[in-house]
Each structure stands twice: as C-alpha cells, then as structure tokens.
2 protein chains.
Amino acid sequence: MTKVEIRIELKKGVADPEGRNTQKTLESLGFTGISKVSTVKLFEIDMDMPAEQAKGVAEDMCRKLLANPVIQNYKISVS
Amino acid sequence: MTKVEIRIELKKGVADPEGRNTQKTLESLGFTGISKVSTVKLFEIDMDMPAEQAKGVAEDMCRKLLANPVIQNYKISVS
C-alpha cells in the first residue's frame, strides 16, 4: 500500500480570505507579530498500488478533480 | 521571520465526510485501488519572532482558535 500526500495551495496573488480572516481573528485575540496566514488543503490517499504508479494516478486525480488549475498549485509526495 | 506550519487532522475514529465523499467521487470517475482518503487542514503562518518563541505562540493559537481538541490533533513545525 502506498500513502500519497497531495498538497493543494493557492497560486501567488490569489486572494486567501480564509487565511486573512484567520489572521484578523488571531489579532483580535491579542496575538501580535503575524505577517501572513495562508491556508493549504491536504489530501492523504492510501492506494493499493506501487509507489511509481500511485504518483501518476495522483497526478491524474489532481487534474480531473482535486485541484483547480486556474487558482491552485499542487504538489504530490509519495511515501 | 519564522515560518510556522500547523497541521490539523482529525483524531482516529472521527468521521471525515469530506474525505469519504472525495473517495466516492474519485471512484465514480473511474479511479480504482483507493483504500482511504483523509483530509487535513494546514495553516502556514509567517511570524516576526525567533523560532523558539514562534513555536510556543503557535501552540497557544491552536489551543485558543485553530484546533478543536475534541475531534482534532495538531502538529506544529517551525522552519
């Protein structure tokens, strides 16, 4: 079994309202010195196939469903 | 500046409907051999303070806002 981690983050310059609001809320709670909060989505997928194959399949999953190429980048790591 | 990564995942045994639905949708698209899909939330926070201090502050942020200790575990890594 292969564990694949797919990390989906917003492209540079794309607004991250969730990160922004998280930062504002942290500041309202008294936290200081925060210059930026970014949010990232992670999928951990267990696949019944060898690692080399799993990487290609994960790539395909990103293209077909998991990532939106207009605003998101993805990184796949296999362990 | 210190970059802190906070990884928030569901505790063992807690239902992950988003992961489950993602798995179902991937299968309906023809993907096979998936044994599990889990979703993880990641916050990347840039803080203007040294690494040792940032780790403690991030710990505090998780307790006060970012994580729900009833259903979630968090892991903090500082770089």
# chains A, B, ... in the order shown; residues from 1 in each chain; ligands from 1

$ interface_residues --of "chain B" --to "chain A" --cutoff "7 Å" --atoms "only C-alpha atoms" --output "ChimeraX atom specification"
/B:33-49

$ write_last_selection --atoms "N, CA and C atoms" --output "PDB file, in the first residue's frame"
ATOM      1  N   GLY B  33      -8.549   1.143  -6.598  1.00  0.00           N
ATOM      2  CA  GLY B  33      -7.419   0.871  -5.710  1.00  0.00           C
ATOM      3  C   GLY B  33      -7.230   1.911  -4.624  1.00  0.00           C
ATOM      4  N   ILE B  34      -8.257   2.713  -4.351  1.00  0.00           N
ATOM      5  CA  ILE B  34      -8.159   3.701  -3.269  1.00  0.00           C
ATOM      6  C   ILE B  34      -8.669   3.058  -1.996  1.00  0.00           C
ATOM      7  N   SER B  35      -7.824   2.944  -0.961  1.00  0.00           N
ATOM      8  CA  SER B  35      -8.373   2.369   0.264  1.00  0.00           C
ATOM      9  C   SER B  35      -8.860   3.423   1.249  1.00  0.00           C
ATOM     10  N   LYS B  36      -8.324   4.635   1.163  1.00  0.00           N
ATOM     11  CA  LYS B  36      -8.798   5.668   2.090  1.00  0.00           C
ATOM     12  C   LYS B  36      -8.391   7.053   1.602  1.00  0.00           C
ATOM     13  N   VAL B  37      -9.268   8.029   1.811  1.00  0.00           N
ATOM     14  CA  VAL B  37      -8.911   9.431   1.562  1.00  0.00           C
ATOM     15  C   VAL B  37      -9.139  10.198   2.856  1.00  0.00           C
ATOM     16  N   SER B  38      -8.120  10.874   3.354  1.00  0.00           N
ATOM     17  CA  SER B  38      -8.268  11.707   4.551  1.00  0.00           C
ATOM     18  C   SER B  38      -7.967  13.152   4.185  1.00  0.00           C
ATOM     19  N   THR B  39      -8.666  14.069   4.827  1.00  0.00           N
ATOM     20  CA  THR B  39      -8.399  15.482   4.582  1.00  0.00           C
ATOM     21  C   THR B  39      -7.706  16.091   5.800  1.00  0.00           C
ATOM     22  N   VAL B  40      -6.793  16.983   5.521  1.00  0.00           N
ATOM     23  CA  VAL B  40      -6.016  17.647   6.569  1.00  0.00           C
ATOM     24  C   VAL B  40      -6.041  19.141   6.269  1.00  0.00           C
ATOM     25  N   LYS B  41      -6.097  19.928   7.323  1.00  0.00           N
ATOM     26  CA  LYS B  41      -6.080  21.378   7.162  1.00  0.00           C
ATOM     27  C   LYS B  41      -4.706  21.889   7.565  1.00  0.00           C
ATOM     28  N   LEU B  42      -4.151  22.774   6.754  1.00  0.00           N
ATOM     29  CA  LEU B  42      -2.814  23.275   7.051  1.00  0.00           C
ATOM     30  C   LEU B  42      -2.838  24.797   7.087  1.00  0.00           C
ATOM     31  N   PHE B  43      -2.254  25.368   8.134  1.00  0.00           N
ATOM     32  CA  PHE B  43      -2.065  26.814   8.170  1.00  0.00           C
ATOM     33  C   PHE B  43      -0.574  27.089   8.085  1.00  0.00           C
ATOM     34  N   GLU B  44      -0.182  27.986   7.188  1.00  0.00           N
ATOM     35  CA  GLU B  44       1.198  28.464   7.146  1.00  0.00           C
ATOM     36  C   GLU B  44       1.183  29.878   7.696  1.00  0.00           C
ATOM     37  N   ILE B  45       1.907  30.095   8.776  1.00  0.00           N
ATOM     38  CA  ILE B  45       1.885  31.410   9.414  1.00  0.00           C
ATOM     39  C   ILE B  45       3.290  31.999   9.456  1.00  0.00           C
ATOM     40  N   ASP B  46       3.424  33.209   8.907  1.00  0.00           N
ATOM     41  CA  ASP B  46       4.706  33.928   8.989  1.00  0.00           C
ATOM     42  C   ASP B  46       4.675  34.824  10.214  1.00  0.00           C
ATOM     43  N   MET B  47       5.633  34.637  11.098  1.00  0.00           N
ATOM     44  CA  MET B  47       5.655  35.416  12.337  1.00  0.00           C
ATOM     45  C   MET B  47       6.978  36.167  12.469  1.00  0.00           C
ATOM     46  N   ASP B  48       6.866  37.408  12.956  1.00  0.00           N
ATOM     47  CA  ASP B  48       8.065  38.229  13.179  1.00  0.00           C
ATOM     48  C   ASP B  48       8.622  37.974  14.570  1.00  0.00           C
ATOM     49  N   MET B  49       9.197  36.824  14.766  1.00  0.00           N
ATOM     50  CA  MET B  49       9.799  36.491  16.066  1.00  0.00           C
ATOM     51  C   MET B  49      10.712  35.287  15.867  1.00  0.00           C
TER      52      MET B  49
END

$ select_by_dssp --residues "chain A" --states "strand (DSSP E)" --output "PyMOL selection string"
chain A and resi 2-10+34-47+72-78

$ atom_distance --atom1 "CA of Val70 (chain B)" --atom2 "CA of Lys11 (chain B)"
8.4 Å

$ residues_around --residues "Glu59 (chain B)" --least-positions-apart "6" --cutoff "9 Å" --atoms "only C-alpha atoms" --output "list in words"
Ile6, Tyr74, Lys75 and Ile76 of chain B

$ atom_distance --atom1 "CA of Pro69 (chain B)" --atom2 "CA of Leu10 (chain B)"
9.5 Å

$ atom_distance --atom1 "CA of Val14 (chain B)" --atom2 "CA of Asn68 (chain B)"
12.2 Å

$ decode --residues "region 33-78 of chain B" --atoms "N, CA and C atoms" --output "mmCIF file, in the first residue's frame"
data_model
loop_
_atom_site.group_PDB
_atom_site.id
_atom_site.type_symbol
_atom_site.label_atom_id
_atom_site.label_comp_id
_atom_site.auth_asym_id
_atom_site.auth_seq_id
_atom_site.Cartn_x
_atom_site.Cartn_y
_atom_site.Cartn_z
ATOM 1 N N GLY B 33 -8.549 1.143 -6.598
ATOM 2 C CA GLY B 33 -7.419 0.871 -5.710
ATOM 3 C C GLY B 33 -7.230 1.911 -4.624
ATOM 4 N N ILE B 34 -8.257 2.713 -4.351
ATOM 5 C CA ILE B 34 -8.159 3.701 -3.269
ATOM 6 C C ILE B 34 -8.669 3.058 -1.996
ATOM 7 N N SER B 35 -7.824 2.944 -0.961
ATOM 8 C CA SER B 35 -8.373 2.369 0.264
ATOM 9 C C SER B 35 -8.860 3.423 1.249
ATOM 10 N N LYS B 36 -8.324 4.635 1.163
ATOM 11 C CA LYS B 36 -8.798 5.668 2.090
ATOM 12 C C LYS B 36 -8.391 7.053 1.602
ATOM 13 N N VAL B 37 -9.268 8.029 1.811
ATOM 14 C CA VAL B 37 -8.911 9.431 1.562
ATOM 15 C C VAL B 37 -9.139 10.198 2.856
ATOM 16 N N SER B 38 -8.120 10.874 3.354
ATOM 17 C CA SER B 38 -8.268 11.707 4.551
ATOM 18 C C SER B 38 -7.967 13.152 4.185
ATOM 19 N N THR B 39 -8.666 14.069 4.827
ATOM 20 C CA THR B 39 -8.399 15.482 4.582
ATOM 21 C C THR B 39 -7.706 16.091 5.800
ATOM 22 N N VAL B 40 -6.793 16.983 5.521
ATOM 23 C CA VAL B 40 -6.016 17.647 6.569
ATOM 24 C C VAL B 40 -6.041 19.141 6.269
ATOM 25 N N LYS B 41 -6.097 19.928 7.323
ATOM 26 C CA LYS B 41 -6.080 21.378 7.162
ATOM 27 C C LYS B 41 -4.706 21.889 7.565
ATOM 28 N N LEU B 42 -4.151 22.774 6.754
ATOM 29 C CA LEU B 42 -2.814 23.275 7.051
ATOM 30 C C LEU B 42 -2.838 24.797 7.087
ATOM 31 N N PHE B 43 -2.254 25.368 8.134
ATOM 32 C CA PHE B 43 -2.065 26.814 8.170
ATOM 33 C C PHE B 43 -0.574 27.089 8.085
ATOM 34 N N GLU B 44 -0.182 27.986 7.188
ATOM 35 C CA GLU B 44 1.198 28.464 7.146
ATOM 36 C C GLU B 44 1.183 29.878 7.696
ATOM 37 N N ILE B 45 1.907 30.095 8.776
ATOM 38 C CA ILE B 45 1.885 31.410 9.414
ATOM 39 C C ILE B 45 3.290 31.999 9.456
ATOM 40 N N ASP B 46 3.424 33.209 8.907
ATOM 41 C CA ASP B 46 4.706 33.928 8.989
ATOM 42 C C ASP B 46 4.675 34.824 10.214
ATOM 43 N N MET B 47 5.633 34.637 11.098
ATOM 44 C CA MET B 47 5.655 35.416 12.337
ATOM 45 C C MET B 47 6.978 36.167 12.469
ATOM 46 N N ASP B 48 6.866 37.408 12.956
ATOM 47 C CA ASP B 48 8.065 38.229 13.179
ATOM 48 C C ASP B 48 8.622 37.974 14.570
ATOM 49 N N MET B 49 9.197 36.824 14.766
ATOM 50 C CA MET B 49 9.799 36.491 16.066
ATOM 51 C C MET B 49 10.712 35.287 15.867
ATOM 52 N N PRO B 50 11.619 35.053 16.807
ATOM 53 C CA PRO B 50 12.519 33.914 16.642
ATOM 54 C C PRO B 50 11.771 32.572 16.740
ATOM 55 N N ALA B 51 12.384 31.557 16.166
ATOM 56 C CA ALA B 51 11.735 30.242 16.043
ATOM 57 C C ALA B 51 11.251 29.662 17.367
ATOM 58 N N GLU B 52 12.071 29.766 18.425
ATOM 59 C CA GLU B 52 11.696 29.138 19.706
ATOM 60 C C GLU B 52 10.404 29.771 20.231
ATOM 61 N N GLN B 53 10.324 31.114 20.087
ATOM 62 C CA GLN B 53 9.135 31.814 20.569
ATOM 63 C C GLN B 53 7.926 31.477 19.698
ATOM 64 N N ALA B 54 8.156 31.423 18.362
ATOM 65 C CA ALA B 54 7.061 31.182 17.418
ATOM 66 C C ALA B 54 6.367 29.855 17.710
ATOM 67 N N LYS B 55 7.145 28.859 18.084
ATOM 68 C CA LYS B 55 6.570 27.544 18.363
ATOM 69 C C LYS B 55 5.578 27.620 19.516
ATOM 70 N N GLY B 56 5.953 28.318 20.573
ATOM 71 C CA GLY B 56 5.067 28.477 21.730
ATOM 72 C C GLY B 56 3.815 29.265 21.382
ATOM 73 N N VAL B 57 3.990 30.313 20.586
ATOM 74 C CA VAL B 57 2.851 31.138 20.184
ATOM 75 C C VAL B 57 1.884 30.306 19.330
ATOM 76 N N ALA B 58 2.442 29.491 18.419
ATOM 77 C CA ALA B 58 1.602 28.666 17.552
ATOM 78 C C ALA B 58 0.798 27.660 18.388
ATOM 79 N N GLU B 59 1.443 27.092 19.380
ATOM 80 C CA GLU B 59 0.793 26.172 20.330
ATOM 81 C C GLU B 59 -0.428 26.859 20.957
ATOM 82 N N ASP B 60 -0.218 28.088 21.379
ATOM 83 C CA ASP B 60 -1.257 28.889 22.007
ATOM 84 C C ASP B 60 -2.399 29.187 21.005
ATOM 85 N N MET B 61 -2.021 29.488 19.745
ATOM 86 C CA MET B 61 -3.024 29.759 18.699
ATOM 87 C C MET B 61 -3.914 28.527 18.473
ATOM 88 N N CYS B 62 -3.305 27.353 18.493
ATOM 89 C CA CYS B 62 -4.072 26.116 18.298
ATOM 90 C C CYS B 62 -5.060 25.928 19.425
ATOM 91 N N ARG B 63 -4.580 26.140 20.656
ATOM 92 C CA ARG B 63 -5.465 25.951 21.816
ATOM 93 C C ARG B 63 -6.599 26.956 21.821
ATOM 94 N N LYS B 64 -6.299 28.203 21.435
ATOM 95 C CA LYS B 64 -7.316 29.256 21.550
ATOM 96 C C LYS B 64 -8.225 29.374 20.341
ATOM 97 N N LEU B 65 -7.766 28.974 19.155
ATOM 98 C CA LEU B 65 -8.603 29.195 17.968
ATOM 99 C C LEU B 65 -8.560 28.096 16.921
ATOM 100 N N LEU B 66 -7.350 27.684 16.521
ATOM 101 C CA LEU B 66 -7.253 26.922 15.272
ATOM 102 C C LEU B 66 -7.738 25.478 15.347
ATOM 103 N N ALA B 67 -7.552 24.824 16.492
ATOM 104 C CA ALA B 67 -7.903 23.402 16.566
ATOM 105 C C ALA B 67 -9.037 23.163 17.549
ATOM 106 N N ASN B 68 -9.818 22.158 17.262
ATOM 107 C CA ASN B 68 -10.867 21.721 18.182
ATOM 108 C C ASN B 68 -10.387 20.438 18.863
ATOM 109 N N PRO B 69 -9.992 20.532 20.128
ATOM 110 C CA PRO B 69 -9.351 19.390 20.789
ATOM 111 C C PRO B 69 -10.263 18.168 20.947
ATOM 112 N N VAL B 70 -11.549 18.361 20.787
ATOM 113 C CA VAL B 70 -12.470 17.219 20.905
ATOM 114 C C VAL B 70 -12.284 16.264 19.724
ATOM 115 N N ILE B 71 -12.074 16.809 18.538
ATOM 116 C CA ILE B 71 -12.013 15.946 17.353
ATOM 117 C C ILE B 71 -10.711 16.063 16.556
ATOM 118 N N GLN B 72 -9.849 17.015 16.915
ATOM 119 C CA GLN B 72 -8.661 17.245 16.080
ATOM 120 C C GLN B 72 -7.340 17.166 16.855
ATOM 121 N N ASN B 73 -6.318 16.684 16.176
ATOM 122 C CA ASN B 73 -4.948 16.758 16.670
ATOM 123 C C ASN B 73 -4.205 17.806 15.864
ATOM 124 N N TYR B 74 -3.196 18.428 16.464
ATOM 125 C CA TYR B 74 -2.392 19.354 15.673
ATOM 126 C C TYR B 74 -0.913 19.072 15.847
ATOM 127 N N LYS B 75 -0.170 19.383 14.789
ATOM 128 C CA LYS B 75 1.278 19.233 14.804
ATOM 129 C C LYS B 75 1.868 20.543 14.308
ATOM 130 N N ILE B 76 2.869 21.041 15.020
ATOM 131 C CA ILE B 76 3.469 22.321 14.648
ATOM 132 C C ILE B 76 4.891 22.075 14.172
ATOM 133 N N SER B 77 5.242 22.602 13.002
ATOM 134 C CA SER B 77 6.655 22.541 12.614
ATOM 135 C C SER B 77 7.125 23.931 12.216
ATOM 136 N N VAL B 78 8.331 24.231 12.682
ATOM 137 C CA VAL B 78 8.886 25.561 12.507
ATOM 138 C C VAL B 78 10.072 25.466 11.555
#
